[in-house]
file final.csv (CSV, C-alpha atoms)
chain,number,residue,atom,x,y,z
P,75,MET,CA,108.3,77.9,100.4
P,76,ASP,CA,105.8,78.0,103.2
P,77,TRP,CA,107.7,80.5,105.3
P,78,LEU,CA,107.7,83.0,102.4
P,79,ASN,CA,104.0,82.6,102.1
P,80,GLN,CA,103.5,83.5,105.7
P,81,VAL,CA,105.0,86.9,105.1
P,82,LYS,CA,102.2,89.5,104.5
P,83,TRP,CA,103.5,91.2,101.3
P,84,ASN,CA,102.0,94.6,100.7
P,85,ALA,CA,100.0,95.6,97.5
P,86,GLU,CA,103.3,96.0,95.6
P,87,GLY,CA,104.6,92.6,96.8
P,88,LEU,CA,107.0,94.2,99.2
P,89,VAL,CA,107.8,94.1,102.9
P,90,PRO,CA,109.7,96.8,105.0
P,91,VAL,CA,113.0,95.7,106.3
P,92,ILE,CA,115.1,97.1,109.2
P,93,ALA,CA,118.8,96.2,109.3
P,94,GLN,CA,120.3,96.2,112.7
P,95,GLU,CA,124.0,95.7,113.3
P,96,VAL,CA,125.0,92.7,115.5
P,97,GLY,CA,127.2,93.8,118.4
P,98,SER,CA,126.6,97.6,118.4
P,99,LYS,CA,122.8,97.0,117.9
P,100,ASP,CA,122.7,100.2,115.9
P,101,VAL,CA,119.9,100.5,113.4
P,102,LEU,CA,121.8,100.9,110.2
P,103,MET,CA,119.2,101.3,107.5
P,104,PHE,CA,115.7,100.7,106.3
P,105,ALA,CA,114.8,99.2,102.9
P,106,TRP,CA,112.3,96.9,101.2
P,107,MET,CA,112.3,93.3,100.0
P,108,ASN,CA,110.2,91.4,97.6
P,109,ARG,CA,109.8,87.7,97.8
P,110,GLU,CA,112.8,87.0,95.7
P,111,ALA,CA,115.0,89.3,97.7
P,112,LEU,CA,114.0,87.7,101.0
P,113,SER,CA,114.5,84.2,99.5
P,114,GLN,CA,118.0,85.1,98.2
P,115,THR,CA,118.9,86.7,101.5
P,116,ALA,CA,117.9,83.6,103.5
P,117,GLU,CA,119.7,81.3,101.0
P,118,SER,CA,122.9,83.3,100.6
P,119,GLY,CA,123.2,84.7,104.1
P,120,ARG,CA,123.8,88.1,102.5
P,121,ALA,CA,121.3,91.0,102.4
P,122,VAL,CA,119.5,91.4,99.1
P,123,TYR,CA,116.9,94.2,99.0
P,124,PHE,CA,114.5,95.4,96.3
P,125,SER,CA,115.3,98.9,95.1
P,126,ARG,CA,112.0,100.7,94.4
P,127,SER,CA,113.7,103.5,92.6
P,128,ARG,CA,115.6,101.1,90.3
P,129,GLY,CA,112.8,98.5,90.2
P,130,ARG,CA,115.2,95.6,90.6
P,131,LEU,CA,116.9,93.4,93.2
P,132,TRP,CA,119.8,95.1,94.9
P,133,ALA,CA,122.5,93.0,96.5
P,134,LYS,CA,123.7,95.3,99.3
P,135,GLY,CA,127.3,96.1,98.6
P,136,GLU,CA,127.2,95.3,94.9
P,137,GLU,CA,128.7,98.7,94.0
P,138,SER,CA,130.1,99.9,97.4
P,139,GLY,CA,131.6,96.6,98.6
P,140,HIS,CA,129.7,97.3,101.8
P,141,VAL,CA,128.1,93.8,102.0
P,142,GLN,CA,125.9,92.7,104.9
P,143,THR,CA,126.1,89.2,106.2
P,144,VAL,CA,122.9,88.1,107.9
P,145,GLN,CA,123.0,86.5,111.3
P,146,GLU,CA,119.2,86.5,112.0
P,147,ILE,CA,116.0,87.1,110.1
P,148,ARG,CA,113.1,88.0,112.2
P,149,LEU,CA,109.4,88.7,111.5
P,150,ASP,CA,107.1,90.9,113.5
P,151,CYS,CA,103.8,90.0,115.2
P,152,ASP,CA,101.8,91.0,112.2
P,153,ASN,CA,104.0,89.1,109.8
P,154,ASP,CA,104.5,92.3,107.7
P,155,VAL,CA,107.9,93.7,108.8
P,156,VAL,CA,111.3,92.0,108.7
P,157,LEU,CA,114.2,92.7,111.0
P,158,LEU,CA,117.7,91.6,109.8
P,159,LYS,CA,120.5,91.3,112.3
P,160,VAL,CA,123.6,91.9,110.2
P,161,THR,CA,127.4,92.3,110.2
P,162,GLN,CA,128.3,95.3,108.0
P,163,LEU,CA,131.4,94.5,106.0
P,164,GLY,CA,133.8,96.5,103.8
P,165,HIS,CA,135.0,99.1,106.3
P,166,VAL,CA,135.8,99.4,110.0
P,167,PRO,CA,133.5,100.7,111.5
P,168,GLY,CA,130.8,99.5,109.1
P,169,ILE,CA,129.3,101.9,106.5
P,170,ALA,CA,125.7,101.1,105.7
P,171,CYS,CA,124.7,104.5,104.3
P,172,HIS,CA,125.4,105.8,100.7
P,173,THR,CA,126.5,109.1,102.3
P,174,GLY,CA,129.6,107.2,103.7
P,175,ARG,CA,128.2,107.2,107.2
P,176,HIS,CA,127.8,104.3,109.6
P,177,SER,CA,124.0,104.5,109.8
P,178,CYS,CA,121.4,106.2,107.6
P,179,PHE,CA,119.8,107.7,110.7
P,180,PHE,CA,122.3,110.5,111.2
P,181,GLN,CA,119.8,113.4,111.4
P,182,LEU,CA,118.7,114.3,114.9
P,183,LEU,CA,115.7,116.6,115.6
P,184,ASP,CA,117.1,119.4,117.8
P,185,LYS,CA,115.1,122.5,118.5
P,186,ASN,CA,112.9,122.1,115.5
P,187,GLU,CA,115.8,121.4,113.1
P,188,TRP,CA,117.3,118.2,111.7
P,189,LYS,CA,121.0,118.3,112.6
P,190,THR,CA,123.6,115.9,111.2
P,191,VAL,CA,125.2,114.3,114.2
P,192,GLU,CA,127.2,111.4,112.7
P,193,PRO,CA,130.5,111.8,110.7
P,194,VAL,CA,131.2,110.7,107.1
P,195,LEU,CA,133.6,107.8,107.5
P,196,LYS,CA,134.5,107.6,103.8
P,197,ASP,CA,134.0,110.0,101.0
P,198,PRO,CA,131.1,108.6,98.8
P,199,ASP,CA,133.0,109.6,95.7
P,200,SER,CA,135.7,107.1,96.7
P,201,ILE,CA,133.0,104.4,97.5
P,202,TYR,CA,131.1,104.7,94.2
P,203,THR,CA,133.8,105.0,91.6
N,156,MET,CA,106.9,123.8,110.8
N,157,ASP,CA,109.8,123.6,108.4
N,158,TRP,CA,111.2,120.4,109.9
N,159,LEU,CA,107.9,118.6,109.3
N,160,ASN,CA,108.0,119.8,105.7
N,161,GLN,CA,111.5,118.3,105.3
N,162,VAL,CA,110.1,114.8,105.9
N,163,LYS,CA,109.2,113.0,102.7
N,164,TRP,CA,105.7,111.8,103.4
N,165,ASN,CA,104.5,108.9,101.2
N,166,ALA,CA,101.4,109.0,98.9
N,167,GLU,CA,99.2,108.4,101.9
N,168,GLY,CA,100.9,111.2,103.9
N,169,LEU,CA,102.7,108.7,106.1
N,170,VAL,CA,106.3,107.9,107.1
N,171,PRO,CA,107.6,104.5,108.4
N,172,VAL,CA,108.8,104.6,112.0
N,173,ILE,CA,111.2,102.3,113.9
N,174,ALA,CA,111.0,102.4,117.7
N,175,GLN,CA,114.3,101.4,119.4
N,176,GLU,CA,114.6,101.0,123.1
N,177,VAL,CA,117.2,103.3,124.8
N,178,GLY,CA,119.6,101.2,126.9
N,179,SER,CA,118.9,97.7,125.5
N,180,LYS,CA,119.0,99.1,122.0
N,181,ASP,CA,116.4,96.4,121.1
N,182,VAL,CA,114.2,97.2,118.1
N,183,LEU,CA,110.8,97.2,119.7
N,184,MET,CA,108.3,97.8,116.9
N,185,PHE,CA,107.6,99.3,113.6
N,186,ALA,CA,104.6,101.7,112.9
N,187,TRP,CA,103.6,104.7,110.8
N,188,MET,CA,103.1,108.3,111.5
N,189,ASN,CA,101.3,111.1,109.7
N,190,ARG,CA,102.3,114.7,110.1
N,191,GLU,CA,100.1,115.2,113.1
N,192,ALA,CA,101.4,112.1,114.8
N,193,LEU,CA,105.0,113.3,114.4
N,194,SER,CA,104.2,116.8,115.5
N,195,GLN,CA,102.4,115.5,118.6
N,196,THR,CA,105.3,113.1,119.4
N,197,ALA,CA,107.9,115.9,119.2
N,198,GLU,CA,105.8,118.3,121.2
N,199,SER,CA,104.7,115.8,124.0
N,200,GLY,CA,107.8,113.6,124.2
N,201,ARG,CA,105.5,110.6,124.0
N,202,ALA,CA,105.1,108.4,120.9
N,203,VAL,CA,102.0,109.0,118.9
N,204,TYR,CA,101.5,106.8,115.8
N,205,PHE,CA,99.0,106.7,113.0
N,206,SER,CA,97.0,103.5,113.0
N,207,ARG,CA,96.3,102.5,109.4
N,208,SER,CA,93.8,99.9,110.4
N,209,ARG,CA,91.8,102.3,112.6
N,210,GLY,CA,92.5,105.3,110.4
N,211,ARG,CA,93.3,107.6,113.3
N,212,LEU,CA,96.0,108.8,115.6
N,213,TRP,CA,97.1,106.2,118.2
N,214,ALA,CA,98.8,107.4,121.3
N,215,LYS,CA,101.0,104.4,122.2
N,216,GLY,CA,99.8,103.0,125.5
N,217,GLU,CA,96.4,104.7,125.4
N,218,GLU,CA,94.8,101.3,126.1
N,219,SER,CA,97.6,99.2,127.4
N,220,GLY,CA,99.3,101.8,129.5
N,221,HIS,CA,102.5,100.9,127.7
N,222,VAL,CA,103.5,104.4,126.9
N,223,GLN,CA,106.8,105.3,125.2
N,224,THR,CA,108.7,108.4,126.1
N,225,VAL,CA,110.9,109.7,123.4
N,226,GLN,CA,114.6,110.5,123.9
N,227,GLU,CA,115.5,111.1,120.3
N,228,ILE,CA,113.8,111.5,116.9
N,229,ARG,CA,116.0,110.7,114.0
N,230,LEU,CA,115.5,110.9,110.2
N,231,ASP,CA,117.3,108.9,107.6
N,232,CYS,CA,119.4,110.0,104.7
N,233,ASP,CA,116.5,110.1,102.3
N,234,ASN,CA,114.2,111.9,104.8
N,235,ASP,CA,111.6,109.2,104.5
N,236,VAL,CA,112.1,107.0,107.5
N,237,VAL,CA,112.0,108.0,111.2
N,238,LEU,CA,113.9,106.3,114.1
N,239,LEU,CA,112.6,106.9,117.6
N,240,LYS,CA,114.7,106.2,120.6
N,241,VAL,CA,112.3,105.4,123.4
N,242,THR,CA,111.9,104.3,126.9
N,243,GLN,CA,109.1,101.7,127.1
N,244,LEU,CA,107.0,102.3,130.2
N,245,GLY,CA,104.3,100.4,132.0
N,246,HIS,CA,106.1,97.1,132.8
N,247,VAL,CA,109.6,96.0,133.6
N,248,PRO,CA,111.0,94.8,131.3
N,249,GLY,CA,109.2,97.0,128.8
N,250,ILE,CA,106.3,95.5,126.7
N,251,ALA,CA,105.9,97.1,123.3
N,252,CYS,CA,104.0,94.3,121.5
N,253,HIS,CA,100.3,93.8,121.7
N,254,THR,CA,101.0,90.0,122.2
N,255,GLY,CA,102.5,90.9,125.6
N,256,ARG,CA,106.1,90.5,124.5
N,257,HIS,CA,109.0,92.9,124.9
N,258,SER,CA,109.5,93.4,121.1
N,259,CYS,CA,107.2,92.7,118.1
N,260,PHE,CA,110.2,90.9,116.4
N,261,PHE,CA,109.8,87.6,118.2
N,262,GLN,CA,109.7,85.3,115.2
N,263,LEU,CA,113.0,83.9,114.1
N,264,LEU,CA,113.6,82.1,110.8
N,265,ASP,CA,115.1,78.8,111.7
N,266,LYS,CA,115.4,76.0,109.1
N,267,ASN,CA,112.7,77.5,106.9
N,268,GLU,CA,110.3,78.0,109.8
N,269,TRP,CA,109.3,81.1,111.8
N,270,LYS,CA,109.8,80.1,115.4
N,271,THR,CA,108.7,82.2,118.4
N,272,VAL,CA,111.8,82.8,120.5
N,273,GLU,CA,110.6,85.5,123.0
N,274,PRO,CA,108.4,84.9,126.0
N,275,VAL,CA,105.0,86.5,126.7
N,276,LEU,CA,105.7,88.8,129.7
N,277,LYS,CA,102.1,89.6,130.4
N,278,ASP,CA,98.8,88.0,129.2
N,279,PRO,CA,97.3,90.3,126.6
N,280,ASP,CA,93.9,89.6,128.1
N,281,SER,CA,95.1,91.4,131.3
N,282,ILE,CA,96.6,94.2,129.3
N,283,TYR,CA,93.6,95.0,127.2
N,284,THR,CA,90.7,94.7,129.6
call {"tool": "encode", "arguments": {"input": "final.csv", "output": "structure tokens"}}
result
Amino acid sequence: MDWLNQVKWNAEGLVPVIAQEVGSKDVLMFAWMNREALSQTAESGRAVYFSRSRGRLWAKGEESGHVQTVQEIRLDCDNDVVLLKVTQLGHVPGIACHTGRHSCFFQLLDKNEWKTVEPVLKDPDSIYT
Amino acid sequence: MDWLNQVKWNAEGLVPVIAQEVGSKDVLMFAWMNREALSQTAESGRAVYFSRSRGRLWAKGEESGHVQTVQEIRLDCDNDVVLLKVTQLGHVPGIACHTGRHSCFFQLLDKNEWKTVEPVLKDPDSIYT
């Protein structure tokens, strides 16, 4: 597919991906995709990432049920970063983070310390059973 | 500084950074920081990135005048991605992209094609003179 060829994949064949929630516009998470992940995401309308730690495709929500449906796929000016606009399913409010929080960006720099400023919405032990 | 040591720098000593506009909550751009860039950003309250192409620190707006003041610095759950909440100065509405657009994420996937869906707010030739 030509549109996949236009993406500038890095040396490992990956592209960084930002997931932003539609509505709240909160930045939920950051992950990576390879060509297959982006292709499956576009085809299925559900976010599929590439897990670098597991070395395989990772359908968001496959364990947690916290699936992301994809409203928009955007590409930046250099063709090397993807922005997904998603709806975060499986819990209200949405939980994107494996810690049970809404967003992965819950640590705020405050007086030279990282402080946790967002609540756990669901115990991870009950998400990953 | 301990908080800088808590960031998980990659093999090149860099961390990915997402810049999100305060107010609109638009994702403006994606860049990288090294330790010195993050330190200077926190100290000065203005975004300083590390340009991988130029191999040096890059104070956002140093050429364009499109400076970003930083309201919040956040870190993700794995300590390896930074989210900046910024005010984009130098033009109304803010221009973060070197193409003269508000955001770098102006290409939308539509029927297997990347389509430009955001206007140029200022001619880049008049930004970089």
call {"tool": "residues_around", "arguments": {"input": "final.csv", "residues": "Asp199 of chain P", "least_positions_apart": "2", "cutoff": "12 Å", "atoms": "all atoms listed in the file", "output": "short mmCIF file (atom, residue, chain, number, x, y, z; two decimals) with C-alpha atoms, in the coordinates of the input"}}
result
data_model
loop_
_atom_site.label_atom_id
_atom_site.label_comp_id
_atom_site.auth_asym_id
_atom_site.auth_seq_id
_atom_site.Cartn_x
_atom_site.Cartn_y
_atom_site.Cartn_z
CA GLU P 137 128.70 98.70 94.00
CA SER P 138 130.10 99.90 97.40
CA HIS P 172 125.40 105.80 100.70
CA THR P 173 126.50 109.10 102.30
CA GLY P 174 129.60 107.20 103.70
CA VAL P 194 131.20 110.70 107.10
CA LEU P 195 133.60 107.80 107.50
CA LYS P 196 134.50 107.60 103.80
CA ASP P 197 134.00 110.00 101.00
CA ILE P 201 133.00 104.40 97.50
CA TYR P 202 131.10 104.70 94.20
CA THR P 203 133.80 105.00 91.60
#
call {"tool": "residues_around", "arguments": {"input": "final.csv", "residues": "segment 118-128 of chain P", "least_positions_apart": "5", "cutoff": "7 Å", "atoms": "all atoms listed in the file", "output": "count of residues only"}}
result
11
call {"tool": "closest_atom_pairs", "arguments": {"input": "final.csv", "of": "chain P", "to": "chain N", "cutoff": "6 Å", "atoms": "only C-alpha atoms", "output": "JSON lines"}}
result
{"residue": "P:Trp77", "atom": "CA", "partner": "N:Glu268", "partner_atom": "CA", "distance": 5.8}
{"residue": "P:Lys99", "atom": "CA", "partner": "N:Lys180", "partner_atom": "CA", "distance": 6.0}
{"residue": "P:Ile147", "atom": "CA", "partner": "N:Leu264", "partner_atom": "CA", "distance": 5.6}
{"residue": "P:Arg148", "atom": "CA", "partner": "N:Leu263", "partner_atom": "CA", "distance": 4.5}
{"residue": "P:Leu149", "atom": "CA", "partner": "N:Gln262", "partner_atom": "CA", "distance": 5.0}
{"residue": "P:Asp150", "atom": "CA", "partner": "N:Phe260", "partner_atom": "CA", "distance": 4.2}
{"residue": "P:Cys151", "atom": "CA", "partner": "N:Cys259", "partner_atom": "CA", "distance": 5.2}
{"residue": "P:Cys178", "atom": "CA", "partner": "N:Asp231", "partner_atom": "CA", "distance": 4.9}
{"residue": "P:Phe179", "atom": "CA", "partner": "N:Asp231", "partner_atom": "CA", "distance": 4.2}
{"residue": "P:Gln181", "atom": "CA", "partner": "N:Leu230", "partner_atom": "CA", "distance": 5.1}
{"residue": "P:Leu182", "atom": "CA", "partner": "N:Arg229", "partner_atom": "CA", "distance": 4.6}
{"residue": "P:Leu183", "atom": "CA", "partner": "N:Ile228", "partner_atom": "CA", "distance": 5.6}
{"residue": "P:Glu187", "atom": "CA", "partner": "N:Trp158", "partner_atom": "CA", "distance": 5.7}
call {"tool": "atom_distance", "arguments": {"input": "final.csv", "atom1": "atom CA of Glu191 of chain N", "atom2": "atom CA of Pro248 of chain N"}}
result
29.4 Å
call {"tool": "atom_distance", "arguments": {"input": "final.csv", "atom1": "atom CA of Ile169 of chain P", "atom2": "atom CA of Val177 of chain N"}}
result
22.0 Å
call {"tool": "atom_distance", "arguments": {"input": "final.csv", "atom1": "atom CA of Lys163 of chain N", "atom2": "atom CA of Arg190 of chain N"}}
result
10.3 Å
call {"tool": "build_atoms", "arguments": {"input": "final.csv", "residues": "segment 231-259 of chain N", "atoms": "N, CA and C atoms", "output": "PDB file, keeping the file's coordinate frame"}}
result
ATOM      1  N   ASP N 231     116.261 109.517 108.407  1.00  0.00           N
ATOM      2  CA  ASP N 231     117.300 108.900 107.600  1.00  0.00           C
ATOM      3  C   ASP N 231     117.790 109.767 106.467  1.00  0.00           C
ATOM      4  N   CYS N 232     118.750 109.244 105.728  1.00  0.00           N
ATOM      5  CA  CYS N 232     119.400 110.000 104.700  1.00  0.00           C
ATOM      6  C   CYS N 232     118.503 110.451 103.561  1.00  0.00           C
ATOM      7  N   ASP N 233     117.425 109.699 103.330  1.00  0.00           N
ATOM      8  CA  ASP N 233     116.500 110.100 102.300  1.00  0.00           C
ATOM      9  C   ASP N 233     115.276 110.869 102.833  1.00  0.00           C
ATOM     10  N   ASN N 234     115.315 111.176 104.115  1.00  0.00           N
ATOM     11  CA  ASN N 234     114.200 111.900 104.800  1.00  0.00           C
ATOM     12  C   ASN N 234     112.881 111.222 104.728  1.00  0.00           C
ATOM     13  N   ASP N 235     112.910 109.897 104.574  1.00  0.00           N
ATOM     14  CA  ASP N 235     111.600 109.200 104.500  1.00  0.00           C
ATOM     15  C   ASP N 235     111.425 108.056 105.456  1.00  0.00           C
ATOM     16  N   VAL N 236     112.284 107.961 106.453  1.00  0.00           N
ATOM     17  CA  VAL N 236     112.100 107.000 107.500  1.00  0.00           C
ATOM     18  C   VAL N 236     112.522 107.641 108.845  1.00  0.00           C
ATOM     19  N   VAL N 237     111.724 107.413 109.897  1.00  0.00           N
ATOM     20  CA  VAL N 237     112.000 108.000 111.200  1.00  0.00           C
ATOM     21  C   VAL N 237     112.448 106.875 112.169  1.00  0.00           C
ATOM     22  N   LEU N 238     113.440 107.189 112.979  1.00  0.00           N
ATOM     23  CA  LEU N 238     113.900 106.300 114.100  1.00  0.00           C
ATOM     24  C   LEU N 238     113.635 107.004 115.381  1.00  0.00           C
ATOM     25  N   LEU N 239     112.810 106.390 116.233  1.00  0.00           N
ATOM     26  CA  LEU N 239     112.600 106.900 117.600  1.00  0.00           C
ATOM     27  C   LEU N 239     113.418 106.149 118.569  1.00  0.00           C
ATOM     28  N   LYS N 240     114.093 106.855 119.455  1.00  0.00           N
ATOM     29  CA  LYS N 240     114.700 106.200 120.600  1.00  0.00           C
ATOM     30  C   LYS N 240     113.875 106.426 121.803  1.00  0.00           C
ATOM     31  N   VAL N 241     113.358 105.333 122.352  1.00  0.00           N
ATOM     32  CA  VAL N 241     112.300 105.400 123.400  1.00  0.00           C
ATOM     33  C   VAL N 241     112.620 104.693 124.635  1.00  0.00           C
ATOM     34  N   THR N 242     111.941 105.112 125.693  1.00  0.00           N
ATOM     35  CA  THR N 242     111.900 104.300 126.900  1.00  0.00           C
ATOM     36  C   THR N 242     110.466 103.726 126.968  1.00  0.00           C
ATOM     37  N   GLN N 243     110.422 102.407 127.146  1.00  0.00           N
ATOM     38  CA  GLN N 243     109.100 101.700 127.100  1.00  0.00           C
ATOM     39  C   GLN N 243     108.626 101.580 128.556  1.00  0.00           C
ATOM     40  N   LEU N 244     107.571 102.314 128.872  1.00  0.00           N
ATOM     41  CA  LEU N 244     107.000 102.300 130.200  1.00  0.00           C
ATOM     42  C   LEU N 244     105.898 101.328 130.432  1.00  0.00           C
ATOM     43  N   GLY N 245     105.463 101.177 131.686  1.00  0.00           N
ATOM     44  CA  GLY N 245     104.300 100.400 132.000  1.00  0.00           C
ATOM     45  C   GLY N 245     104.514  98.997 132.495  1.00  0.00           C
ATOM     46  N   HIS N 246     105.720  98.493 132.322  1.00  0.00           N
ATOM     47  CA  HIS N 246     106.100  97.100 132.800  1.00  0.00           C
ATOM     48  C   HIS N 246     107.577  97.038 132.757  1.00  0.00           C
ATOM     49  N   VAL N 247     108.116  96.205 133.657  1.00  0.00           N
ATOM     50  CA  VAL N 247     109.600  96.000 133.600  1.00  0.00           C
ATOM     51  C   VAL N 247     109.776  94.453 133.485  1.00  0.00           C
ATOM     52  N   PRO N 248     110.485  93.989 132.408  1.00  0.00           N
ATOM     53  CA  PRO N 248     111.000  94.800 131.300  1.00  0.00           C
ATOM     54  C   PRO N 248     109.833  95.329 130.421  1.00  0.00           C
ATOM     55  N   GLY N 249     110.162  96.304 129.587  1.00  0.00           N
ATOM     56  CA  GLY N 249     109.200  97.000 128.800  1.00  0.00           C
ATOM     57  C   GLY N 249     108.431  95.988 127.832  1.00  0.00           C
ATOM     58  N   ILE N 250     107.153  96.263 127.640  1.00  0.00           N
ATOM     59  CA  ILE N 250     106.300  95.500 126.700  1.00  0.00           C
ATOM     60  C   ILE N 250     105.874  96.458 125.606  1.00  0.00           C
ATOM     61  N   ALA N 251     106.359  96.244 124.384  1.00  0.00           N
ATOM     62  CA  ALA N 251     105.900  97.100 123.300  1.00  0.00           C
ATOM     63  C   ALA N 251     104.881  96.397 122.415  1.00  0.00           C
ATOM     64  N   CYS N 252     104.846  95.077 122.465  1.00  0.00           N
ATOM     65  CA  CYS N 252     104.000  94.300 121.500  1.00  0.00           C
ATOM     66  C   CYS N 252     102.649  94.003 122.120  1.00  0.00           C
ATOM     67  N   HIS N 253     101.631  94.024 121.248  1.00  0.00           N
ATOM     68  CA  HIS N 253     100.300  93.800 121.700  1.00  0.00           C
ATOM     69  C   HIS N 253     100.083  92.293 122.113  1.00  0.00           C
ATOM     70  N   THR N 254     101.074  91.444 121.804  1.00  0.00           N
ATOM     71  CA  THR N 254     101.000  90.000 122.200  1.00  0.00           C
ATOM     72  C   THR N 254     101.529  89.879 123.674  1.00  0.00           C
ATOM     73  N   GLY N 255     101.971  90.989 124.286  1.00  0.00           N
ATOM     74  CA  GLY N 255     102.500  90.900 125.600  1.00  0.00           C
ATOM     75  C   GLY N 255     103.985  90.632 125.696  1.00  0.00           C
ATOM     76  N   ARG N 256     104.640  90.711 124.534  1.00  0.00           N
ATOM     77  CA  ARG N 256     106.100  90.500 124.500  1.00  0.00           C
ATOM     78  C   ARG N 256     106.845  91.807 124.482  1.00  0.00           C
ATOM     79  N   HIS N 257     108.121  91.707 124.824  1.00  0.00           N
ATOM     80  CA  HIS N 257     109.000  92.900 124.900  1.00  0.00           C
ATOM     81  C   HIS N 257     109.014  93.587 123.508  1.00  0.00           C
ATOM     82  N   SER N 258     109.310  92.835 122.478  1.00  0.00           N
ATOM     83  CA  SER N 258     109.500  93.400 121.100  1.00  0.00           C
ATOM     84  C   SER N 258     108.487  92.653 120.188  1.00  0.00           C
ATOM     85  N   CYS N 259     108.094  93.347 119.134  1.00  0.00           N
ATOM     86  CA  CYS N 259     107.200  92.700 118.100  1.00  0.00           C
ATOM     87  C   CYS N 259     108.019  91.702 117.268  1.00  0.00           C
TER      88      CYS N 259
END
